[in-house]
Structures are given as structure tokens and as C-alpha cells.
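File shown: data17.txt. Contents: compact mmCIF, C-alpha atoms.
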# COMPACT_ATOMS: atom_id res chain seq x y z
CA MET N 225 -61.31 -29.19 -49.25
CA ARG N 226 -59.14 -28.99 -46.20
CA ARG N 227 -57.48 -25.81 -47.48
CA TYR N 228 -60.89 -24.26 -48.20
CA ARG N 229 -62.13 -24.90 -44.62
CA PHE N 230 -58.99 -23.41 -43.20
CA LYS N 231 -59.55 -20.23 -45.21
CA LEU N 232 -63.20 -19.97 -44.10
CA ILE N 233 -62.26 -20.11 -40.39
CA HIS N 234 -59.71 -17.37 -40.91
CA GLY N 235 -62.26 -15.28 -42.73
CA LEU N 236 -64.80 -15.68 -39.92
CA LEU N 237 -62.25 -14.79 -37.27
CA PHE N 238 -61.22 -11.78 -39.29
CA VAL N 239 -64.81 -10.56 -39.57
CA ILE N 240 -65.45 -11.09 -35.82
CA LEU N 241 -62.29 -9.25 -34.86
CA LEU N 242 -62.99 -6.45 -37.30
CA PHE N 243 -66.52 -6.07 -35.96
CA SER N 244 -65.44 -6.04 -32.28
CA SER N 245 -62.65 -3.57 -33.06
CA CYS N 246 -65.08 -1.21 -34.80
CA LEU N 247 -67.48 -1.51 -31.88
CA TRP N 248 -64.74 -0.77 -29.38
CA ILE N 249 -63.38 2.18 -31.38
CA SER N 250 -66.86 3.74 -31.66
CA CYS N 251 -67.35 3.38 -27.88
CA GLU N 252 -63.99 4.96 -27.20
CA SER N 253 -64.60 7.94 -29.49
CA LYS N 254 -67.99 8.50 -27.83
CA MET N 255 -66.31 8.53 -24.40
CA ASP N 256 -63.65 10.94 -25.69
CA ASN N 257 -66.30 13.32 -27.02
CA GLU N 258 -68.07 13.41 -23.69
CA ASP N 259 -64.86 13.88 -21.77
CA THR N 260 -63.40 16.80 -23.74
CA SER N 261 -64.62 19.69 -21.57
CA SER N 262 -65.06 17.72 -18.35
CA GLN N 263 -62.16 17.84 -15.96
CA THR N 264 -64.13 16.34 -13.14
CA THR N 265 -63.56 12.63 -13.39
CA SER N 266 -60.80 10.43 -14.62
CA VAL N 267 -61.14 7.83 -17.31
CA ASN N 268 -63.79 5.47 -16.12
CA LYS N 269 -67.35 4.53 -16.90
CA GLU N 270 -68.46 7.13 -14.34
CA VAL N 271 -67.61 9.85 -16.81
CA LEU N 272 -70.71 8.95 -18.77
CA THR N 273 -72.94 10.22 -15.93
CA VAL N 274 -71.22 13.57 -15.42
CA ASP N 275 -72.60 16.01 -17.94
CA PRO N 276 -69.84 18.53 -18.77
CA GLN N 277 -72.48 21.12 -19.58
CA ALA N 278 -73.75 21.03 -15.97
CA VAL N 279 -70.20 21.41 -14.66
CA GLU N 280 -69.55 24.28 -17.06
CA ILE N 281 -72.69 26.18 -15.96
CA LEU N 282 -71.69 25.67 -12.31
CA ARG N 283 -68.17 26.94 -13.04
CA ARG N 284 -69.45 30.02 -14.88
CA GLY N 285 -71.91 30.84 -12.08
CA LEU N 286 -69.40 30.53 -9.25
CA ASP N 287 -66.68 32.36 -11.25
CA TYR N 288 -69.07 35.24 -11.75
CA LEU N 289 -69.79 35.38 -8.02
CA ARG N 290 -66.08 35.16 -7.17
CA ASN N 291 -65.25 38.04 -9.52
CA LEU N 292 -67.84 40.40 -8.03
CA LYS N 293 -66.00 42.93 -5.87
CA GLN N 294 -68.97 43.39 -3.59
CA PHE N 295 -72.56 42.29 -3.40
CA SER N 296 -75.49 41.92 -1.07
CA ALA N 297 -78.45 39.55 -1.15
CA GLN N 298 -81.25 38.20 1.01
CA ALA N 299 -81.46 34.50 1.81
CA GLN N 300 -84.39 32.38 2.97
CA ASN N 301 -83.24 29.12 4.57
CA THR N 302 -85.41 26.04 5.07
CA TYR N 303 -84.25 23.19 7.31
CA GLU N 304 -85.99 19.85 7.25
CA ASP N 305 -86.16 17.69 10.35
CA ILE N 306 -88.16 14.81 11.81
CA LEU N 307 -90.21 15.40 14.95
CA GLU N 308 -90.34 12.90 17.80
CA SER N 309 -93.78 11.97 16.47
CA GLY N 310 -92.16 10.90 13.20
CA HIS N 311 -93.60 13.77 11.19
CA ARG N 312 -91.36 15.79 8.92
CA VAL N 313 -91.16 19.46 9.75
CA ASP N 314 -89.56 22.45 8.01
CA TYR N 315 -88.00 25.35 9.88
CA GLU N 316 -87.56 28.73 8.27
CA ILE N 317 -84.79 31.21 8.99
CA ALA N 318 -84.46 34.46 7.06
CA GLY N 319 -81.14 36.13 6.54
CA GLY N 320 -78.95 38.44 4.56
CA VAL N 321 -75.40 38.43 3.21
CA THR N 322 -73.14 41.38 2.40
CA LEU N 323 -69.67 40.67 1.05
CA LYS N 324 -66.82 42.95 0.01
CA ARG N 325 -63.68 41.48 -1.53
CA PRO N 326 -61.13 40.56 -0.52
CA ASN N 327 -61.98 39.99 3.12
CA LYS N 328 -65.11 41.55 4.52
CA LEU N 329 -68.36 39.80 5.28
CA ARG N 330 -71.50 40.46 7.29
CA THR N 331 -74.41 38.07 7.56
CA GLU N 332 -77.61 38.30 9.48
CA ARG N 333 -80.27 35.72 10.36
CA TYR N 334 -83.72 35.91 11.86
CA GLY N 335 -85.56 32.94 13.28
CA GLU N 336 -88.29 32.63 15.88
CA LYS N 337 -87.04 34.88 18.66
CA MET N 338 -83.59 34.51 17.17
CA HIS N 339 -81.60 37.36 15.75
CA GLN N 340 -77.90 36.92 15.09
CA ILE N 341 -75.35 39.02 13.21
CA PHE N 342 -71.97 37.77 12.08
CA TYR N 343 -69.20 40.30 11.38
CA TYR N 344 -65.86 39.71 9.70
CA ASN N 345 -63.55 42.61 8.81
CA GLY N 346 -60.40 40.77 7.71
CA LYS N 347 -58.93 40.77 11.21
CA THR N 348 -61.60 39.68 13.67
CA LEU N 349 -64.87 37.80 13.58
CA THR N 350 -67.77 38.59 15.89
CA LEU N 351 -71.05 36.86 16.67
CA TYR N 352 -73.67 39.17 18.11
CA ASN N 353 -77.16 38.38 19.46
CA PRO N 354 -78.88 41.80 19.76
CA ASP N 355 -81.90 40.43 21.66
CA GLU N 356 -79.79 38.90 24.42
CA LYS N 357 -77.29 41.79 24.17
CA VAL N 358 -74.29 39.48 24.05
CA TYR N 359 -71.40 39.15 21.64
CA ALA N 360 -68.21 37.13 21.30
CA THR N 361 -65.22 38.07 19.23
CA SER N 362 -62.02 36.38 18.08
CA GLN N 363 -58.98 37.02 15.93
CA ALA N 364 -59.53 35.60 12.47
CA PRO N 365 -57.45 34.67 9.39
CA ALA N 366 -56.99 37.21 6.59
CA THR N 367 -59.09 35.65 3.82
CA ILE N 368 -62.74 34.69 3.64
CA THR N 369 -61.95 31.06 2.79
CA GLU N 370 -59.48 30.67 5.65
CA MET N 371 -61.89 32.42 8.00
CA PHE N 372 -64.69 29.98 7.07
CA HIS N 373 -62.44 27.01 7.85
CA PHE N 374 -61.27 28.61 11.09
CA ALA N 375 -64.78 29.55 12.25
CA ARG N 376 -66.13 26.08 11.50
CA ASP N 377 -63.21 24.02 12.80
CA THR N 378 -62.37 26.09 15.88
CA PHE N 379 -65.78 27.26 17.07
CA GLY N 380 -68.31 25.27 15.02
CA ILE N 381 -69.78 28.48 13.60
CA SER N 382 -71.70 28.24 10.36
CA VAL N 383 -72.38 31.10 8.00
CA PRO N 384 -75.39 31.17 5.66
CA VAL N 385 -74.69 30.37 1.99
CA SER N 386 -71.01 29.84 2.83
CA ASP N 387 -70.74 26.95 0.34
CA LEU N 388 -71.06 29.49 -2.45
CA LEU N 389 -68.88 32.21 -0.90
CA TYR N 390 -65.53 30.39 -0.72
CA GLU N 391 -62.92 31.75 -3.12
CA ASN N 392 -62.54 28.18 -4.41
CA SER N 393 -66.21 27.18 -4.21
CA PHE N 394 -66.19 25.67 -7.68
CA GLU N 395 -63.20 23.45 -6.96
CA LEU N 396 -64.72 22.31 -3.66
CA LEU N 397 -68.15 21.59 -5.09
CA ASN N 398 -66.71 19.96 -8.18
CA GLN N 399 -64.76 17.35 -6.21
CA ASP N 400 -65.68 13.67 -6.22
CA LEU N 401 -68.77 14.10 -8.34
CA ASN N 402 -70.23 10.87 -9.64
CA TYR N 403 -73.33 12.37 -11.19
CA ALA N 404 -74.11 15.72 -12.77
CA ILE N 405 -76.99 16.72 -15.00
CA VAL N 406 -78.80 19.80 -16.27
CA VAL N 407 -82.34 19.15 -15.02
CA GLY N 408 -83.75 21.94 -17.19
CA LYS N 409 -84.62 25.61 -17.29
CA GLU N 410 -86.91 26.93 -14.55
CA MET N 411 -88.15 30.33 -13.42
CA MET N 412 -87.09 31.67 -10.03
CA GLY N 413 -89.36 34.67 -9.63
CA GLU N 414 -88.74 36.59 -12.84
CA VAL N 415 -85.36 35.05 -13.56
CA MET N 416 -84.87 32.13 -15.93
CA CYS N 417 -82.43 29.72 -14.30
CA ASN N 418 -80.55 26.57 -15.22
CA HIS N 419 -81.47 23.89 -12.69
CA LEU N 420 -78.46 21.63 -12.04
CA LEU N 421 -78.20 18.44 -9.98
CA PHE N 422 -74.92 17.01 -8.69
CA SER N 423 -74.16 14.00 -6.55
CA ARG N 424 -71.29 12.68 -4.51
CA LYS N 425 -71.05 9.85 -2.03
CA ASP N 426 -72.77 11.40 1.00
CA ALA N 427 -74.69 14.30 -0.43
CA ASP N 428 -76.64 15.53 -3.43
CA PHE N 429 -76.82 19.19 -4.21
CA GLN N 430 -78.92 21.23 -6.58
CA ILE N 431 -78.33 24.75 -7.70
CA TRP N 432 -80.34 27.18 -9.81
CA ILE N 433 -78.06 29.54 -11.74
CA ALA N 434 -79.43 32.42 -13.80
CA ASP N 435 -79.29 31.95 -17.54
CA GLY N 436 -77.60 34.69 -19.56
CA GLU N 437 -74.83 37.10 -18.67
CA LEU N 438 -75.45 37.66 -14.93
CA THR N 439 -75.06 34.05 -13.83
CA LEU N 440 -76.04 34.50 -10.18
CA PRO N 441 -77.25 31.59 -8.02
CA TYR N 442 -80.90 31.86 -6.96
CA LYS N 443 -81.39 28.63 -5.03
CA TYR N 444 -79.17 26.00 -3.43
CA VAL N 445 -80.34 22.71 -1.93
CA VAL N 446 -78.21 20.11 -0.14
CA THR N 447 -79.61 16.66 0.59
CA ASP N 448 -77.82 14.69 3.28
CA LYS N 449 -77.79 11.11 2.02
CA THR N 450 -76.54 9.81 5.37
CA THR N 451 -79.99 10.46 6.88
CA PRO N 452 -82.54 7.72 6.12
CA GLU N 453 -85.18 10.39 5.40
CA LEU N 454 -82.83 12.17 2.94
CA LEU N 455 -83.21 15.46 4.80
CA SER N 456 -82.31 18.65 3.00
CA PHE N 457 -81.62 22.23 3.71
CA SER N 458 -82.33 24.80 1.08
CA THR N 459 -81.52 28.45 0.57
CA THR N 460 -83.36 30.76 -1.76
CA ILE N 461 -81.28 33.82 -2.59
CA TYR N 462 -83.04 36.96 -3.80
CA ASP N 463 -82.76 40.77 -3.93
CA TRP N 464 -79.30 40.57 -5.44
CA ASN N 465 -77.40 43.84 -5.52
CA THR N 466 -74.13 43.45 -7.38
CA ASN N 467 -72.91 46.98 -6.77
CA PRO N 468 -74.04 48.21 -3.35
CA THR N 469 -72.49 51.22 -1.65
CA ILE N 470 -70.92 49.87 1.51
CA SER N 471 -68.43 51.51 3.83
CA ASP N 472 -65.82 49.40 5.61
CA ASN N 473 -67.40 50.35 8.94
CA PHE N 474 -70.38 48.21 8.03
CA PHE N 475 -68.18 45.17 8.74
CA ASN N 476 -66.81 46.43 12.06
CA PHE N 477 -68.64 45.58 15.24
CA LEU N 478 -68.92 48.31 17.86
CA PRO N 479 -70.66 46.94 20.96
CA PRO N 480 -73.68 49.06 21.88
CA LYS N 481 -74.05 50.19 25.49
CA GLY N 482 -75.27 47.52 27.87
CA THR N 483 -73.87 44.71 25.71
CA SER N 484 -71.87 41.96 27.41
CA LYS N 485 -68.88 40.23 25.95
CA ILE N 486 -69.06 36.44 26.22
CA ILE N 487 -66.82 33.58 25.13
CA PHE N 488 -66.76 31.10 22.26
CA LEU N 489 -66.61 27.46 23.32
CA LYS N 490 -63.97 25.74 21.27
CA ALA N 491 -65.34 22.97 19.13
CA ASN N 492 -62.73 20.35 20.03
CA ALA N 493 -61.75 21.44 23.52
CA GLU N 494 -63.63 21.22 26.78
CA ASN N 495 -63.80 24.93 27.29
CA GLY N 496 -61.98 27.93 26.01
CA ASP N 497 -61.90 31.61 25.44
CA GLY N 498 -62.07 32.61 21.83
CA ASN N 499 -59.74 35.55 22.23
CA MET D 146 -48.22 -27.12 -62.88
CA VAL D 147 -51.71 -25.83 -62.41
CA ILE D 148 -52.01 -27.35 -58.92
CA LYS D 149 -48.68 -25.91 -57.90
CA LYS D 150 -49.69 -22.45 -59.08
CA LYS D 151 -52.98 -22.73 -57.19
CA GLY D 152 -51.09 -23.78 -54.07
CA GLU D 153 -48.79 -20.78 -54.32
CA LYS D 154 -51.78 -18.49 -54.71
CA ILE D 155 -53.52 -19.93 -51.65
CA MET D 156 -50.37 -19.69 -49.53
CA LYS D 157 -50.01 -16.02 -50.46
CA THR D 158 -53.62 -15.29 -49.52
CA ASN D 159 -53.26 -17.07 -46.17
CA PHE D 160 -50.15 -15.10 -45.41
CA ASN D 161 -51.97 -11.79 -46.02
CA TYR D 162 -54.85 -12.79 -43.77
CA SER D 163 -52.52 -13.91 -40.98
CA PHE D 164 -50.57 -10.67 -41.20
CA ILE D 165 -53.72 -8.53 -40.92
CA MET D 166 -55.11 -10.67 -38.07
CA VAL D 167 -51.89 -10.46 -36.06
CA ALA D 168 -51.87 -6.69 -36.54
CA ILE D 169 -55.49 -6.39 -35.42
CA ILE D 170 -55.04 -8.66 -32.38
CA THR D 171 -51.92 -6.76 -31.33
CA THR D 172 -53.70 -3.41 -31.73
CA VAL D 173 -56.69 -4.61 -29.71
CA ILE D 174 -54.45 -5.93 -26.91
CA ILE D 175 -52.46 -2.69 -26.76
CA VAL D 176 -55.56 -0.52 -26.76
CA LEU D 177 -57.33 -2.64 -24.13
CA PHE D 178 -54.23 -2.73 -21.96
CA SER D 179 -53.83 1.05 -22.14
CA ASP D 180 -57.48 1.42 -21.13
CA ILE D 181 -56.92 -0.77 -18.06
CA VAL D 182 -53.80 1.19 -17.13
CA GLU D 183 -55.64 4.47 -17.57
CA ALA D 184 -58.56 3.27 -15.48
CA GLN D 185 -56.23 2.14 -12.73
CA TYR D 186 -54.41 5.46 -12.84
CA GLY D 187 -57.72 7.26 -12.60
CA ARG D 188 -58.65 5.24 -9.53
CA MET D 189 -55.32 6.02 -7.88
CA HIS D 190 -55.64 9.66 -8.83
CA ARG D 191 -59.07 9.90 -7.21
CA ALA D 192 -57.88 8.14 -4.08
CA THR D 193 -55.14 10.72 -3.57
CA ARG D 194 -57.56 13.64 -3.79
CA ARG D 195 -58.38 15.36 -0.54
CA ARG D 196 -61.96 14.65 0.32
CA THR D 197 -63.63 17.90 1.30
CA ALA D 198 -67.06 17.49 2.76
CA ILE D 199 -67.98 21.08 2.12
CA VAL D 200 -71.56 20.28 1.21
CA VAL D 201 -72.13 17.74 3.94
CA SER D 202 -70.43 19.78 6.60
CA SER D 203 -72.54 22.77 5.81
CA ALA D 204 -75.63 20.57 5.91
CA THR D 205 -74.75 19.21 9.31
CA HIS D 206 -73.58 22.50 10.71
CA GLU D 207 -76.75 24.20 9.59
CA LYS D 208 -78.57 21.64 11.74
CA ASP D 209 -76.80 23.15 14.70
CA GLU D 210 -78.40 26.40 13.82
CA GLN D 211 -81.73 24.69 13.44
CA ALA D 212 -81.29 23.18 16.91
CA ALA D 213 -80.63 26.70 18.12
CA ALA D 214 -83.85 27.88 16.55
CA GLN D 215 -85.66 24.96 18.11
CA GLN D 216 -84.10 25.76 21.42
CA LYS D 217 -85.53 29.26 21.19
CA SER D 218 -89.00 28.03 20.42
CA THR D 219 -88.94 25.50 23.22
CA GLU D 220 -87.86 28.22 25.60
CA THR D 221 -90.83 30.35 24.67
CA THR D 222 -93.34 27.55 25.02
CA GLN D 223 -91.90 26.47 28.37
CA THR D 224 -91.52 22.88 27.31
CA THR D 225 -89.39 20.50 29.29
CA GLN D 226 -85.65 20.76 29.28
CA THR D 227 -85.43 17.14 28.24
CA THR D 228 -86.53 18.11 24.73
CA GLN D 229 -83.84 20.77 24.56
CA SER D 230 -81.25 18.37 25.77
CA GLN D 231 -82.33 15.86 23.12
CA ASP D 232 -82.12 18.55 20.46
CA GLN D 233 -78.66 19.36 21.62
CA THR D 234 -77.64 15.73 21.59
CA LYS D 235 -79.02 15.37 18.07
CA SER D 236 -77.03 18.36 16.90
CA GLN D 237 -73.94 16.95 18.51
CA GLN D 238 -74.40 13.70 16.64
CA THR D 239 -74.69 15.48 13.33
CA THR D 240 -71.75 17.80 13.69
CA ASN D 241 -68.17 16.81 12.99
CA THR D 242 -67.06 18.50 16.16
CA THR D 243 -67.39 17.19 19.67
CA PRO D 244 -68.56 19.97 21.97
CA PRO D 245 -68.72 19.45 25.72
CA PRO D 246 -71.64 17.33 26.92
CA THR D 247 -74.88 19.16 27.49
CA THR D 248 -76.90 18.20 30.49
CA LYS D 249 -80.20 19.07 32.04
CA THR D 250 -80.29 22.12 34.24
CA THR D 251 -80.79 21.17 37.83
CA GLY D 252 -80.27 22.82 41.15
CA ALA D 253 -77.60 20.28 42.07
CA ALA D 254 -73.93 21.23 41.87
CA LEU D 255 -72.52 20.57 38.40
CA ALA D 256 -68.94 20.03 37.32
CA ILE D 257 -67.15 23.17 36.10
CA GLY D 258 -67.44 23.44 32.32
CA THR D 259 -70.86 21.79 32.08
CA VAL D 260 -72.87 23.27 29.22
CA VAL D 261 -76.62 23.83 29.47
CA THR D 262 -78.96 25.30 26.90
CA SER D 263 -81.13 27.21 29.38
CA LEU D 264 -80.83 28.50 32.91
CA PRO D 265 -82.96 27.17 35.76
CA GLU D 266 -85.51 29.51 37.29
CA GLY D 267 -84.59 31.97 40.00
CA CYS D 268 -81.07 32.93 38.91
CA LYS D 269 -79.45 36.10 40.16
CA THR D 270 -77.48 38.10 37.60
CA SER D 271 -74.31 39.92 38.55
CA SER D 272 -71.83 41.77 36.38
CA VAL D 273 -68.12 41.49 37.14
CA ASP D 274 -65.55 43.12 34.81
CA ASN D 275 -68.18 43.54 32.10
CA GLN D 276 -68.91 39.80 32.32
CA GLU D 277 -72.39 38.59 33.18
CA TYR D 278 -72.59 35.82 35.78
CA TYR D 279 -75.71 33.90 36.72
CA HIS D 280 -75.95 32.47 40.23
CA CYS D 281 -78.45 29.64 40.26
CA GLY D 282 -78.66 27.48 43.41
CA SER D 283 -75.17 26.15 44.00
CA ASN D 284 -73.91 26.88 40.45
CA TRP D 285 -72.40 29.91 38.72
CA TYR D 286 -72.88 30.23 34.96
CA ARG D 287 -71.46 32.37 32.17
CA SER D 288 -72.96 32.81 28.70
CA ALA D 289 -71.07 31.43 25.72
CA PHE D 290 -71.54 30.65 22.04
CA GLN D 291 -71.41 26.95 21.22
CA GLY D 292 -71.35 27.18 17.45
CA ASN D 293 -74.14 29.62 16.65
CA THR D 294 -76.10 28.67 19.77
CA LEU D 295 -76.16 30.71 22.96
CA VAL D 296 -75.47 28.38 25.90
CA TYR D 297 -74.52 28.63 29.56
CA VAL D 298 -71.38 27.13 31.05
CA THR D 299 -70.81 26.43 34.73
CA THR D 300 -67.86 28.34 36.07
CA ASP D 301 -66.02 29.21 39.27
CA PRO D 302 -67.63 31.99 41.30
CA PRO D 303 -66.38 35.47 40.26
CA LYS D 304 -63.70 36.96 42.48

Structure encoded using C-alpha cells:
Amino acid sequence: MRRYRFKLIHGLLFVILLFSSCLWISCESKMDNEDTSSQTTSVNKEVLTVDPQAVEILRRGLDYLRNLKQFSAQAQNTYEDILESGHRVDYEIAGGVTLKRPNKLRTERYGEKMHQIFYYNGKTLTLYNPDEKVYATSQAPATITEMFHFARDTFGISVPVSDLLYENSFELLNQDLNYAIVVGKEMMGEVMCNHLLFSRKDADFQIWIADGELTLPYKYVVTDKTTPELLSFSTTIYDWNTNPTISDNFFNFLPPKGTSKIIFLKANAENGDGN
Amino acid sequence: MVIKKKGEKIMKTNFNYSFIMVAIITTVIIVLFSDIVEAQYGRMHRATRRRTAIVVSSATHEKDEQAAAQQKSTETTQTTQTTQSQDQTKSQQTTNTTPPPTTKTTGAALAIGTVVTSLPEGCKTSSVDNQEYYHCGSNWYRSAFQGNTLVYVTTDPPK
């Protein structure tokens, strides 16, 4: 009898261990399957919430944009804010972007009584307000990505849609993601787009990338999670032209008569000339 | 004889079970341990990554632009300069950079390098070396871009 009981306990333990091992192995293989095409996160439970398909669509879209030698598009920007009265308000600024690889960019924006043009020709950057007839210019780094960093860090200048125009936009956007999903397919005007949602610690961002061969972005929304109201800014990009005829002079600023040259205030210094 | 044979049989069976169990337990321990190590490595790997706030920074910097747009609209509606100054302060709070402090525009003498978002009334414009100067009360101003916003900075009188 004693020997029989001993055998039964062993049998039970064996079954329990076998069952838990099978369970664990099935979990592991499921995690492996989901992780095969995702290079975003390391081995952790977080990987379960990053859909590799969303990351892949983002990569394809931004690669396509990066490989275009030149393009132009219009952009409609909406900025959310809270009024002193506590009401939420949206501000609209229209704009346009023209880019020529490797290092030429011109953007324009129109707000209420605000008209500003940004020029970058690979050597200098210029900010020009035609209505006030003033401009400021500065030497600039030789690539678009370096110029964006320089303009932002040195002068605090922002450029519309710049998140998507970096040469390494995908790598930058793909960092530190803890959530990524394909929300679904939606129409932007006449274009069927994949609607993607990504999240990191301080911000969520959504992007609508065209389905099919020409995987251009049609909308981009960033939600600042550090604001209690979860304020967002969004850009709708339209009138894409992936092969415009542009001369290099389009990116050079020649001050019209009666225009005054002014200075850039340095972002981290008390005062300074941008030249 | 029979009992002895039975005993031998049972011993053999127990040995097989023990062998399989030890193998399974060892496998489970190794696999679990490797998972822990991998998870720890992943955590370390993430910690060493450079955190680039590309999305957030563009969100906050765009607010600067929005403040600029607001500044324009407040200028047109002749609202008080306090509102503009608050807008400016708000934009300063949201940006990563620390631009010079913006103050209200008054007729009183201001320290050189003070940034204002609009000029007081009754300024005289003069151009020296293709640079526009604004003489307002006891202050001289020059235009400048603070980010994407057009501002005015107090300066020494032109020579």
C-alpha cells in the first residue's frame, strides 16, 4: 500500500509539471510568433501590445517618403488650446511644404494676419515675414535632419510636418513605443488609408498612411499626454505632388526691396545674432 | 520469488519516473531562468537607448507657433498686453528652451535685452545700416525672431 501511494504522488506531480510545461511552451511560442517582424521592443510582456503590422505600415510609409527625390504638398494644421474661460478652442494654420533631396526645403504658413516662409538651401536657413517685411538668416548644417535639430535647439524654430521629414523619421518615431495598433482602414478624401495609433510615455500619435503602392501620409495627430486636457495638434496633408518641377532658386531667399534684416534670438542665450 | 520480482519491477518504474521528472524540472528551471535574464537584458537595453522626444517636442514647439498666431489676433483686436504676455509665458512653459523673459510694454526704461511681443503706441521708426529701430519713450527696440514669433528686443540707441 505504501509503495502504491508513493507512485500515485509521483504520477500527480508528473502530470502537473507536464501540464504547466505545455502551458508555458505554448505561451512562449505565441510570444515568438508575435515578435518575429517587430524590432521595436525587447523581450517583455509589452511586446504583446505592439502590433508588428502597425510598425511595418509606418516603416513602409516613411521609407517611401524618404526615397522621394522631391515632393510638394499642402498642410492644414489644427492646434488645440484651452481659453482662460476654460473652453477648448482650435486654431487653424494653413501651410505648404516643398522638399528636394538631399538638402533643400521651403515651407510656408498662413494664419490670421500671419504669413511666414521658411527657406533652407543646404547652406543657410531664412525666416521671412512678408507682411512685416522682415527676415532673419543664419548659416545652417548640410542635411535636413541636422538643420531641423539646429533650428529647433539654437533658435527654437519649428517647421510644419517636420516629424515626418527627418531622414530617420521612422527610427525616431519607432523609439520607446509601448503600444501600437492598426485602428482600421479609413478614407481621407478619395484615398483609402491605414489608420495607425502609437503610444509612448508622454505622447500618443496617430498617422493615416495611404493603402497600396503610394504609401503617403495624409494625416498626423500628436496628443500631448503631459497636458491634463490631452491637447493635440493635427496636420492634414493633401495635394501631394511626388514629381514637381522645382528649380534650386526656389529655395534661395532674395530679400525684396524695402525688407529689413533682423536677428534670431538664441533659444538658450539671453540675446544673440543668428549670423 | 514473486514478491521480489514485483519489487524489482516497481523500483524500475520509480526510477523511470524520477528520471523524467528531474529532466522536466531542470528544463523548466533553465527556460524560466533564461526568460528572466532576457527580460533583464531587455530592460537594460531600453534604458541605454537615447530618448528622443521628437513627437513631444514638435507638439510643444508648435504651441509656440500657436502663441504667435494668438499674438497676431490679439494685436488686431487691441486687447490688453497682459493677455499677450500670458500667452508668451504659456509658450515658454511648454517649450524645452528658455527664451529671455517677456514683459509688458511700458513707457518706463527697460533693461537691455528685454523681449516684448508688441510695441507701445507712439514709436518713431528709424533705419540705421539697413536695421529698423523703434524709439518708444525712453527705450530703443529692434525686431527679432523668437522661435517663429516676431518680437521686439530693447537695445542700445543706434550710433

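Compared by their closest atoms to N:Ser382, and using all atoms listed in the file, the residues N:Glu332, N:Asp400, N:Glu356, N:Asp314 rank with N:Glu332 nearest.
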
Contacts of stretch 383-389 of chain N within 8 Å, all atoms listed in the file, excl. fewer than 2 positions in-chain, as a CSV table (one decimal) with C-alpha atoms, in the frame of the given file:
chain,number,residue,atom,x,y,z
N,286,LEU,CA,-69.4,30.5,-9.2
N,289,LEU,CA,-69.8,35.4,-8.0
N,290,ARG,CA,-66.1,35.2,-7.2
N,299,ALA,CA,-81.5,34.5,1.8
N,319,GLY,CA,-81.1,36.1,6.5
N,321,VAL,CA,-75.4,38.4,3.2
N,331,THR,CA,-74.4,38.1,7.6
N,342,PHE,CA,-72.0,37.8,12.1
N,369,THR,CA,-62.0,31.1,2.8
N,372,PHE,CA,-64.7,30.0,7.1
N,381,ILE,CA,-69.8,28.5,13.6
N,391,GLU,CA,-62.9,31.8,-3.1
N,393,SER,CA,-66.2,27.2,-4.2
N,459,THR,CA,-81.5,28.4,0.6
D,199,ILE,CA,-68.0,21.1,2.1
D,200,VAL,CA,-71.6,20.3,1.2
D,203,SER,CA,-72.5,22.8,5.8

Please identify all polymer residues within 9 Å of N:Val406, counting only C-alpha atoms, omitting same-chain residues fewer than 5 positions from it, and present them as a PyMOL selection string.
chain N and resi 275+277-279+281+418-422

So which residues are close to (-65.1, 43.2, 6.8), meaning at most 9 Å away in the file's coordinates with all atoms listed in the file counted, and can you show them as a PyMOL selection string?
chain N and resi 323-330+343-349+472-476

Between atom CA of N:Lys409 and atom CA of N:Thr439 lies a distance of 13.2 Å

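With all atoms listed in the file as the atoms that count, the minimum distance from chain D to the choices N:Gly310, N:Gly380, N:Pro480, N:Gly436 is reached by N:Gly380.
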
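Here atom CA of N:Lys490 and atom CA of D:Val296 stand 12.7 Å from one another.
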
Non-local contacts of D:Cys268 (7 Å; all atoms listed in the file; under 2 positions in same chain excluded) as a PyMOL selection string
chain D and resi 265-266+270+279-281

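The smallest atom-to-atom distance between chain N and any of D:Thr300, D:Ser283, D:Thr262, D:Asn275, using all atoms listed in the file, is found for D:Asn275.
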
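The gap separating atom CA of N:Phe394 from atom CA of N:Gly413 is 24.9 Å, in Å to one decimal.
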
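Each of D:Tyr297, D:Pro302, D:Ser263, D:Phe290 was compared to chain N using all atoms listed in the file, and D:Phe290 turns out to be the nearest.
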
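Between D:Leu264 and the candidates D:Tyr286, D:Asp301, D:Gln276, D:Thr171, the tightest atom-to-atom separation, counting all atoms listed in the file, involves D:Tyr286.
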
Write out as a list of chain:residue names each polymer residue whose atoms come within 10 Å of N:Leu440, counting all atoms listed in the file; drop sequence neighbours fewer than 6 positions from it.
N:Arg284, N:Gly285, N:Leu286, N:Asp287, N:Tyr288, N:Leu289, N:Val415, N:Cys417, N:Trp432, N:Ile433, N:Ala434, N:Ile461, N:Tyr462, N:Trp464, N:Thr466

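Using only C-alpha atoms for every distance, the candidate list D:Ala254, D:Pro303, D:Thr294, D:Val260 yields D:Pro303 as the residue closest to D:Asp274.
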